[in-house]
Every structure is written in structure tokens, then in C-alpha cells.
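Student: target.cif is the file, holding mmCIF, C-alpha atoms:
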data_run
loop_
_atom_site.label_atom_id
_atom_site.label_comp_id
_atom_site.auth_asym_id
_atom_site.auth_seq_id
_atom_site.Cartn_x
_atom_site.Cartn_y
_atom_site.Cartn_z
CA MET A 1 0.00 0.00 0.00
CA GLN A 2 1.19 3.50 -0.81
CA ILE A 3 -0.33 6.60 0.77
CA LYS A 4 0.73 10.17 0.00
CA THR A 5 -0.32 13.06 2.20
CA LEU A 6 2.39 15.61 1.32
CA GLY A 7 0.28 17.17 -1.40
CA PRO A 8 -3.03 15.82 -2.73
CA LEU A 9 -4.25 12.68 -0.96
CA VAL A 10 -3.21 9.55 -2.83
CA ALA A 11 -3.78 5.99 -1.60
CA GLN A 12 -3.15 2.93 -3.75
CA GLU A 13 -2.99 -0.81 -3.41
CA ASN A 14 -1.80 -2.79 -6.43
CA GLN A 15 -2.11 0.47 -8.42
CA VAL A 16 -5.82 0.68 -7.58
CA SER A 17 -6.93 3.93 -5.93
CA LEU A 18 -8.35 3.61 -2.42
CA VAL A 19 -9.32 7.27 -2.04
CA PRO A 20 -13.09 7.76 -1.61
CA SER A 21 -14.75 10.55 -3.55
CA ALA A 22 -16.80 11.86 -0.61
CA GLY A 23 -15.20 14.41 1.70
CA LYS A 24 -15.78 12.88 5.14
CA PRO A 25 -14.39 9.41 4.33
CA ARG A 26 -11.34 11.20 2.91
CA GLN A 27 -10.90 12.90 6.30
CA VAL A 28 -11.10 9.52 8.03
CA LEU A 29 -8.51 7.98 5.70
CA SER A 30 -6.20 11.00 6.06
CA LEU A 31 -6.29 10.94 9.85
CA LEU A 32 -5.71 7.18 9.99
CA ALA A 33 -2.81 7.49 7.50
CA LEU A 34 -1.05 10.27 9.40
CA ASN A 35 -1.32 8.10 12.53
CA ALA A 36 -0.66 4.74 10.90
CA ASN A 37 -0.08 1.83 13.31
CA ARG A 38 -1.71 3.81 16.12
CA VAL A 39 -5.29 3.47 17.33
CA ILE A 40 -7.49 6.50 16.62
CA SER A 41 -10.50 6.49 18.89
CA VAL A 42 -14.04 6.69 17.60
CA GLY A 43 -14.45 9.92 19.56
CA THR A 44 -11.45 11.52 17.85
CA LEU A 45 -12.72 10.56 14.40
CA ILE A 46 -16.18 11.92 15.21
CA GLU A 47 -14.63 15.17 16.45
CA GLU A 48 -12.61 15.50 13.26
CA ILE A 49 -15.64 15.02 11.04
CA TRP A 50 -18.34 16.91 12.95
CA GLY A 51 -16.58 19.03 15.56
CA ASN A 52 -18.70 19.89 18.61
CA ASN A 53 -22.01 19.13 16.92
CA PRO A 54 -22.06 15.49 15.84
CA PRO A 55 -25.42 14.10 14.75
CA ARG A 56 -27.06 11.38 16.81
CA SER A 57 -26.19 8.93 14.06
CA SER A 58 -22.47 9.88 14.07
CA ALA A 59 -21.20 6.53 15.35
CA THR A 60 -23.28 4.60 12.82
CA THR A 61 -22.27 6.95 10.02
CA LEU A 62 -18.60 6.55 10.94
CA GLN A 63 -19.00 2.79 10.72
CA THR A 64 -20.38 3.33 7.21
CA TYR A 65 -17.28 5.32 6.25
CA ILE A 66 -15.03 2.57 7.61
CA PHE A 67 -17.03 0.02 5.64
CA GLN A 68 -16.54 2.08 2.47
CA LEU A 69 -12.78 2.26 3.04
CA ARG A 70 -12.62 -1.49 3.65
CA ARG A 71 -14.66 -2.16 0.53
CA ASN A 72 -12.17 -0.13 -1.51
CA LEU A 73 -9.32 -2.08 0.08
CA ASP A 74 -10.96 -5.43 -0.58
CA SER A 75 -11.40 -4.59 -4.25
CA ALA A 76 -7.68 -3.79 -4.57
CA LEU A 77 -6.08 -6.52 -2.47
CA ASP A 78 -4.29 -9.45 -4.05
CA ARG A 79 -6.41 -12.44 -3.13
CA ASN A 80 -3.30 -14.62 -3.09
CA GLY A 81 -1.73 -12.48 -0.36
CA GLY A 82 -3.96 -13.85 2.36
CA LEU A 83 -4.83 -10.45 3.81
CA THR A 84 -8.29 -8.96 4.08
CA ALA A 85 -9.30 -5.34 4.50
CA LYS A 86 -9.99 -5.98 8.19
CA ASP A 87 -6.37 -7.07 8.60
CA ILE A 88 -5.23 -3.65 7.35
CA LEU A 89 -7.94 -1.35 8.68
CA VAL A 90 -8.37 -2.89 12.11
CA THR A 91 -11.09 -2.35 14.71
CA GLN A 92 -9.34 -2.11 18.05
CA HIS A 93 -10.05 -0.71 21.54
CA ASN A 94 -13.07 1.41 20.58
CA GLY A 95 -11.19 2.84 17.65
CA TYR A 96 -9.49 2.01 14.36
CA LEU A 97 -5.91 1.40 13.32
CA LEU A 98 -4.44 1.47 9.82
CA ARG A 99 -1.57 -0.99 9.50
CA ALA A 100 1.31 0.16 7.32
CA SER A 101 4.87 -0.97 6.64
CA PRO A 102 7.92 1.33 6.70
CA GLY A 103 7.99 3.37 3.52
CA ASP A 104 4.29 2.94 2.79
CA ILE A 105 3.33 6.47 3.84
CA ASP A 106 5.24 9.48 2.56
CA VAL A 107 4.98 11.55 5.73
CA HIS A 108 6.70 8.83 7.75
CA GLU A 109 9.46 8.58 5.15
CA PHE A 110 9.85 12.37 5.18
CA GLU A 111 10.19 12.41 8.96
CA ARG A 112 12.74 9.57 8.87
CA LEU A 113 14.90 11.30 6.26
CA ALA A 114 14.66 14.69 7.97
CA GLY A 115 15.70 13.10 11.27
CA GLU A 116 18.72 11.46 9.61
CA ALA A 117 19.60 14.80 8.02
CA ARG A 118 19.54 16.56 11.38
CA SER A 119 21.78 13.86 12.85
CA ALA A 120 24.24 14.24 9.97
CA ALA A 121 24.29 18.02 10.45
CA ALA A 122 24.91 17.62 14.19
CA ALA A 123 27.81 15.29 13.38
CA GLY A 124 29.30 17.91 11.03
CA ASP A 125 28.56 16.02 7.79
CA ASP A 126 26.94 18.85 5.88
CA ALA A 127 27.11 17.15 2.48
CA ALA A 128 25.13 14.18 3.78
CA ALA A 129 22.73 16.49 5.63
CA ALA A 130 22.04 18.54 2.50
CA ASP A 131 21.45 15.41 0.42
CA LEU A 132 19.12 13.88 3.01
CA PHE A 133 17.12 17.09 3.40
CA THR A 134 16.86 17.30 -0.40
CA GLU A 135 15.61 13.71 -0.59
CA ALA A 136 13.08 14.37 2.17
CA LEU A 137 11.78 17.51 0.46
CA SER A 138 11.47 15.69 -2.88
CA LEU A 139 8.54 13.74 -1.37
CA TRP A 140 6.43 16.90 -1.28
CA ASP A 141 3.96 17.66 -4.05
CA GLY A 142 2.26 20.75 -2.64
CA PRO A 143 0.62 21.73 0.65
CA PRO A 144 -0.20 18.69 2.80
CA LEU A 145 -3.62 17.14 2.15
CA VAL A 146 -4.44 20.06 -0.10
CA ASP A 147 -7.59 18.39 -1.44
CA VAL A 148 -8.96 17.25 1.94
CA GLN A 149 -11.33 19.35 4.04
CA ALA A 150 -9.56 19.43 7.41
CA GLY A 151 -11.45 19.40 10.69
CA ARG A 152 -10.23 20.34 14.14
CA ILE A 153 -7.96 17.29 14.46
CA LEU A 154 -6.43 17.32 10.99
CA GLU A 155 -5.89 21.07 10.85
CA PRO A 156 -3.12 21.22 13.49
CA GLU A 157 -1.55 18.12 11.91
CA ILE A 158 -1.39 19.97 8.60
CA MET A 159 0.11 23.02 10.31
CA ARG A 160 2.72 20.78 11.96
CA LEU A 161 3.68 19.25 8.63
CA THR A 162 3.90 22.67 6.99
CA GLU A 163 6.29 23.81 9.71
CA ALA A 164 8.29 20.59 9.41
CA ARG A 165 8.74 21.19 5.70
CA LEU A 166 9.96 24.75 6.30
CA ALA A 167 12.38 23.48 8.95
CA ALA A 168 13.76 20.98 6.44
CA VAL A 169 14.19 23.77 3.90
CA GLU A 170 16.09 25.81 6.50
CA GLY A 171 18.22 22.80 7.35
CA ARG A 172 19.15 22.19 3.71
CA LEU A 173 19.99 25.86 3.17
CA ALA A 174 22.09 25.96 6.34
CA ALA A 175 24.07 22.89 5.28
CA ARG A 176 24.67 24.31 1.81
CA LEU A 177 25.80 27.62 3.27
CA ARG A 178 28.25 25.87 5.56
CA MET A 179 29.61 24.15 2.46
CA GLY A 180 30.27 27.53 0.83
CA ARG A 181 27.42 27.23 -1.69
CA HIS A 182 26.06 30.71 -0.93
CA ALA A 183 25.92 32.07 -4.47
CA GLU A 184 23.71 29.28 -5.80
CA LEU A 185 21.19 29.80 -3.00
CA LEU A 186 20.51 33.48 -3.63
CA SER A 187 17.53 33.05 -5.96
CA GLU A 188 15.82 30.55 -3.66
CA LEU A 189 16.38 32.72 -0.61
CA THR A 190 15.07 35.74 -2.48
CA VAL A 191 11.77 33.94 -3.04
CA LEU A 192 11.60 32.50 0.48
CA THR A 193 12.19 35.83 2.22
CA MET A 194 9.46 37.39 0.10
CA LYS A 195 7.10 34.55 0.99
CA TYR A 196 8.00 34.72 4.71
CA PRO A 197 8.82 38.40 5.26
CA MET A 198 9.15 38.11 9.06
CA HIS A 199 11.06 34.81 9.21
CA GLU A 200 14.30 35.71 10.97
CA ASN A 201 16.25 32.53 10.20
CA LEU A 202 15.60 32.82 6.48
CA CYS A 203 16.49 36.50 6.56
CA ALA A 204 19.73 35.69 8.39
CA GLN A 205 20.62 33.01 5.83
CA PHE A 206 19.86 35.46 3.03
CA MET A 207 22.04 38.13 4.62
CA ILE A 208 24.95 35.70 4.97
CA ALA A 209 24.59 34.52 1.36
CA LEU A 210 24.43 38.10 0.05
CA HIS A 211 27.37 39.28 2.15
CA ARG A 212 29.51 36.36 1.05
CA SER A 213 28.58 37.06 -2.57
CA GLY A 214 29.96 40.58 -2.32
CA ARG A 215 26.55 42.20 -1.90
CA SER A 216 26.67 43.52 1.64
CA TRP A 217 24.44 46.46 0.79
CA ASN A 218 21.72 44.00 -0.29
CA ALA A 219 22.18 42.15 2.99
CA LEU A 220 21.61 45.39 4.90
CA GLU A 221 18.57 46.12 2.76
CA ALA A 222 17.15 42.63 3.55
CA TYR A 223 17.52 43.39 7.25
CA ARG A 224 15.85 46.77 6.84
CA ARG A 225 12.86 45.22 5.05
CA LEU A 226 12.38 42.62 7.77
CA ARG A 227 12.76 45.22 10.53
CA ASP A 228 10.26 47.60 8.89
CA THR A 229 7.75 44.77 8.44
CA MET A 230 8.09 43.57 12.03
CA ILE A 231 7.66 47.06 13.43
CA GLU A 232 4.66 47.75 11.21
CA GLU A 233 2.94 44.40 11.72
CA LEU A 234 3.94 43.50 15.29
CA GLY A 235 5.43 46.58 16.89
CA LEU A 236 8.59 44.55 17.58
CA GLU A 237 12.28 44.92 16.76
CA PRO A 238 14.21 41.96 15.31
CA SER A 239 15.81 39.64 17.84
CA ALA A 240 19.17 40.40 19.42
CA ARG A 241 20.83 37.67 17.35
CA LEU A 242 19.68 39.23 14.09
CA ARG A 243 20.73 42.69 15.26
CA ARG A 244 24.20 41.30 15.98
CA LEU A 245 24.32 39.83 12.50
CA HIS A 246 23.33 43.22 11.09
CA GLN A 247 26.17 44.88 13.00
CA ALA A 248 28.61 42.23 11.80
CA VAL A 249 27.67 42.93 8.17
CA LEU A 250 28.04 46.68 8.77
CA ALA A 251 31.48 46.13 10.27
CA GLY A 252 32.59 43.62 7.64
CA ASP A 253 33.40 41.23 10.48
CA PRO A 254 35.64 38.39 9.18
CA VAL A 255 33.55 35.91 11.19
CA LEU A 256 31.10 36.13 8.27
CA ASP A 257 33.67 35.17 5.67
CA PRO A 258 33.05 32.01 3.62
CA PRO A 259 34.09 28.66 5.12
CA ALA A 260 36.82 27.47 6.46
CA ALA A 261 33.99 25.84 7.49
CA ALA A 262 31.24 27.28 9.63
CA ASP A 263 32.19 29.97 12.08
CA GLY A 264 29.82 32.56 10.69
CA LEU A 265 26.91 30.18 10.49
CA ASP A 266 26.50 28.85 14.01
CA PHE A 267 23.03 30.34 14.10
CA GLU A 268 21.85 28.10 11.24
CA ARG A 269 23.24 24.96 12.81
CA GLN A 270 21.78 25.83 16.20
CA ALA A 271 18.41 26.68 14.69
CA VAL A 272 18.16 23.29 13.04
CA THR A 273 20.10 20.78 15.12
CA GLY A 274 21.40 22.45 18.24
CA PRO A 275 25.01 23.56 18.76
CA PRO A 276 27.53 21.23 17.10
CA PRO A 277 30.82 20.17 18.62
CA MET A 278 33.10 22.91 17.27
CA ARG A 279 36.27 24.63 18.28
CA PRO A 280 35.66 27.38 20.87
CA THR A 281 34.50 30.70 19.43
CA SER A 282 34.93 33.99 21.21
CA ALA A 283 31.91 35.00 23.22
CA ALA A 284 32.35 38.47 21.76
CA SER A 285 31.72 37.21 18.24
CA PRO A 286 28.72 39.06 16.80
CA VAL A 287 27.37 35.93 15.15
CA ALA A 288 28.38 32.98 17.32
CA SER A 289 25.47 33.58 19.69
CA VAL A 290 22.95 34.25 16.92
#
The structure given in the file should be rewritten as C-alpha cells.
Tutor:
Amino acid sequence: MQIKTLGPLVAQENQVSLVPSAGKPRQVLSLLALNANRVISVGTLIEEIWGNNPPRSSATTLQTYIFQLRRNLDSALDRNGGLTAKDILVTQHNGYLLRASPGDIDVHEFERLAGEARSAAAAGDDAAAADLFTEALSLWDGPPLVDVQAGRILEPEIMRLTEARLAAVEGRLAARLRMGRHAELLSELTVLTMKYPMHENLCAQFMIALHRSGRSWNALEAYRRLRDTMIEELGLEPSARLRRLHQAVLAGDPVLDPPAAADGLDFERQAVTGPPPMRPTSAASPVASV
């Protein structure tokens, strides 16, 4: 079985689609897939579908949706495999569990790869980290569950996945910057900082890439745009770490120079993986504490 949630909902068994056409059964399948191999209670599924106002028939209607999903499974299963739909979509402890193997569901594969990437970055292997983050991000085909109407349980799950994707993007950019690949990242960072105009980590990465590409004035302009937006929208100044980075660019501090391998980019590594084991850096460095 293959289920994709990082984009439109796709579920297939033996190349036969398992995705129901109706909205509410799609919600049920999505929630079970995101929590594969874990029991989702009947109450949680009812809350996802109907919120605080379930109809009196909600439990019976949910059973109908489960029956529909099992019927789709039965029609796709290989009869020689010995499994039935009830072996895969299991009734258990006043709830339901969707059995899945490693690699069956894209979100689980994404989380595995992103975790390995963070471990590689923490170990100082930026090339491996960048490749693993790239592989993880290649699983995405748009906003998560973009064609599923999300209820109060799915909605925070979708927000969590959206944030996880952005964190993986940051991690890949940070690894590439530590490898000295700043020039090739400028166009991507230009788009990202426009899309997330108050995202300090992305702004900091953009400033580093611009400064290292001989465009310090553009780095200062990127800071000014973020600062103006934060003051206008939130009434807040940028964080102390970003202000220190701004001062380092103004001063042409050599701590920002391209690698030799990462002194000017501690803030990226810390933002993604926590501080790595590195040689001591002066506490007075304008960027080391960013």
C-alpha cells in the first residue's frame, strides 16, 4: 500500500486507488494514515468530522465510512496475499488502526529522512545532511492534504507538517551555506524571504549569502525590510541575534567570511540541530550567539 499526504491525498494498493470521492471518508482515511499503526478512537474521528455538533447517528455513520474504506481495500487486495481489508484497517479498543509498513506512507518517510539529516548536520557532515534534506523535500507535491477538508484534528496536523517542511528547507539551506554554496542559494532565498517576510532565520541566511557574494548592501537592505515589516505588523524589533548579525555585516566582520567551514553560520546549525561540537569561538563574536 502507498499513501501520499504531502500534497493531494493519494492511496493505492496494487495500483488501484483507495481514495473515496466523498469528503468525510477522505478525512477519516487521512487521519488514519497520518497516525498509521496507532489506534485512533471513535471519539477523535467523530470530532474530526463533525466538531462539537455530531449528529445522533455519528457513530453509525462513521461505521459506514469505515465500511466504504474497507470495501475499496478489498477490491484492490491481491487475493493470493492472504490479507483482508480488516487485517489492514483494524477495529481495536473502541477505535481504528491502519496498518502500514515502513515506507508505505510518505509523511513517515519524510520524517525519517529529515531526522537522519539533522543527525548528519549535528555530526558535522553537511554534504550528507544537505542530500538527506533534499531527498526528504522531494517527497512533497504541494501543501499537505491540499484536497482534503480538514477538521479540528487534521488542521493542526497539517500546520505541523507545513512547519516541518519549512524546517527541512532551512536545514538544507544551512548545510549548503556551511559548504560555501552561498551564491547558488541566492535566488531561492530571495523567493523565500518574500514569501516569509518576518522569518528571521531565512532573513539571516539570506544576509549571509548576500554578504559572502559581495553584496553587503543587499544584505543590509534585507535586514531593513524585515525590521520595517516587524515594526509595522507587530510593533517589535528583530531579535538580538539578528541585530548582531546586522552589525557584523556593517562592520565587515571576518567571522562572516566564507568557510573554512562554519564559524559565521552557528546560528543556522543551532536553529536546526542544536550547537555542534566545534572549536571554541569567542563570546564576543557578533554571530556565534545568533
Student: Excluding same-chain residues fewer than 3 positions from segment 150-155 of chain A, what lies within 7 Å of it counting only C-alpha atoms, as a list in words?
Tutor: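 Near neighbours after the sequence-gap exclusion: Gln27, Leu31, Glu48, Ile49, Gly51, Ile158 and Met159 of chain A.
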Student: So how far away is atom CA of Arg172 of chain A from atom CA of Phe110 of chain A, in Å?
Tutor: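 Taking atom CA of Phe110 of chain A and atom CA of Arg172 of chain A, their separation equals 13.6 Å.
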Student: Please, what distance in Å, to one decimal, runs between atom CA of Gly115 of chain A and atom CA of Gly171 of chain A?
Tutor: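 Between atom CA of Gly115 of chain A and atom CA of Gly171 of chain A the gap is 10.8 Å.
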Student: Excluding segment 220-231 of chain A and residues on its chain fewer than 2 positions from it, collect all residues at most 7 Å away from it, counting only C-alpha atoms, and give them as a PDB file with C-alpha atoms, in the frame of the given file.
Tutor:
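Final output, saved to result07.pdb:
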ATOM      1  CA  PRO A 197       8.820  38.400   5.260  1.00  0.00           C
ATOM      2  CA  MET A 198       9.150  38.110   9.060  1.00  0.00           C
ATOM      3  CA  CYS A 203      16.490  36.500   6.560  1.00  0.00           C
ATOM      4  CA  MET A 207      22.040  38.130   4.620  1.00  0.00           C
ATOM      5  CA  SER A 216      26.670  43.520   1.640  1.00  0.00           C
ATOM      6  CA  TRP A 217      24.440  46.460   0.790  1.00  0.00           C
ATOM      7  CA  ASN A 218      21.720  44.000  -0.290  1.00  0.00           C
ATOM      8  CA  GLU A 233       2.940  44.400  11.720  1.00  0.00           C
ATOM      9  CA  LEU A 234       3.940  43.500  15.290  1.00  0.00           C
ATOM     10  CA  GLY A 235       5.430  46.580  16.890  1.00  0.00           C
ATOM     11  CA  LEU A 236       8.590  44.550  17.580  1.00  0.00           C
ATOM     12  CA  GLU A 237      12.280  44.920  16.760  1.00  0.00           C
ATOM     13  CA  PRO A 238      14.210  41.960  15.310  1.00  0.00           C
ATOM     14  CA  HIS A 246      23.330  43.220  11.090  1.00  0.00           C
TER      15      HIS A 246
END
Student: Gly103 of chain A: which residues within 12 Å, counting only C-alpha atoms, same-chain residues fewer than 6 positions away excluded, as a PyMOL selection string?
Tutor: chain A and resi 1-4+36+109-113+139
Student: Distance atom CA of Leu161 of chain A-atom CA of Pro143 of chain A, one decimal place?
Tutor: 8.9 Å
Student: Hey, what comes out of the PyMOL selection byres ((chain A and resi 12) around 10) on this file? Could you write it as a PyMOL selection string?
Tutor: chain A and resi 1-4+10-11+13-19+72-73+76-77+104
Student: Contacts of Leu210 of chain A at 12 Å or less, counting all atoms listed in the file, minus same-chain residues fewer than 2 places along, as a ChimeraX atom specification?
Tutor: /A:177,181-187,189-190,203-208,212-223,249,256-258
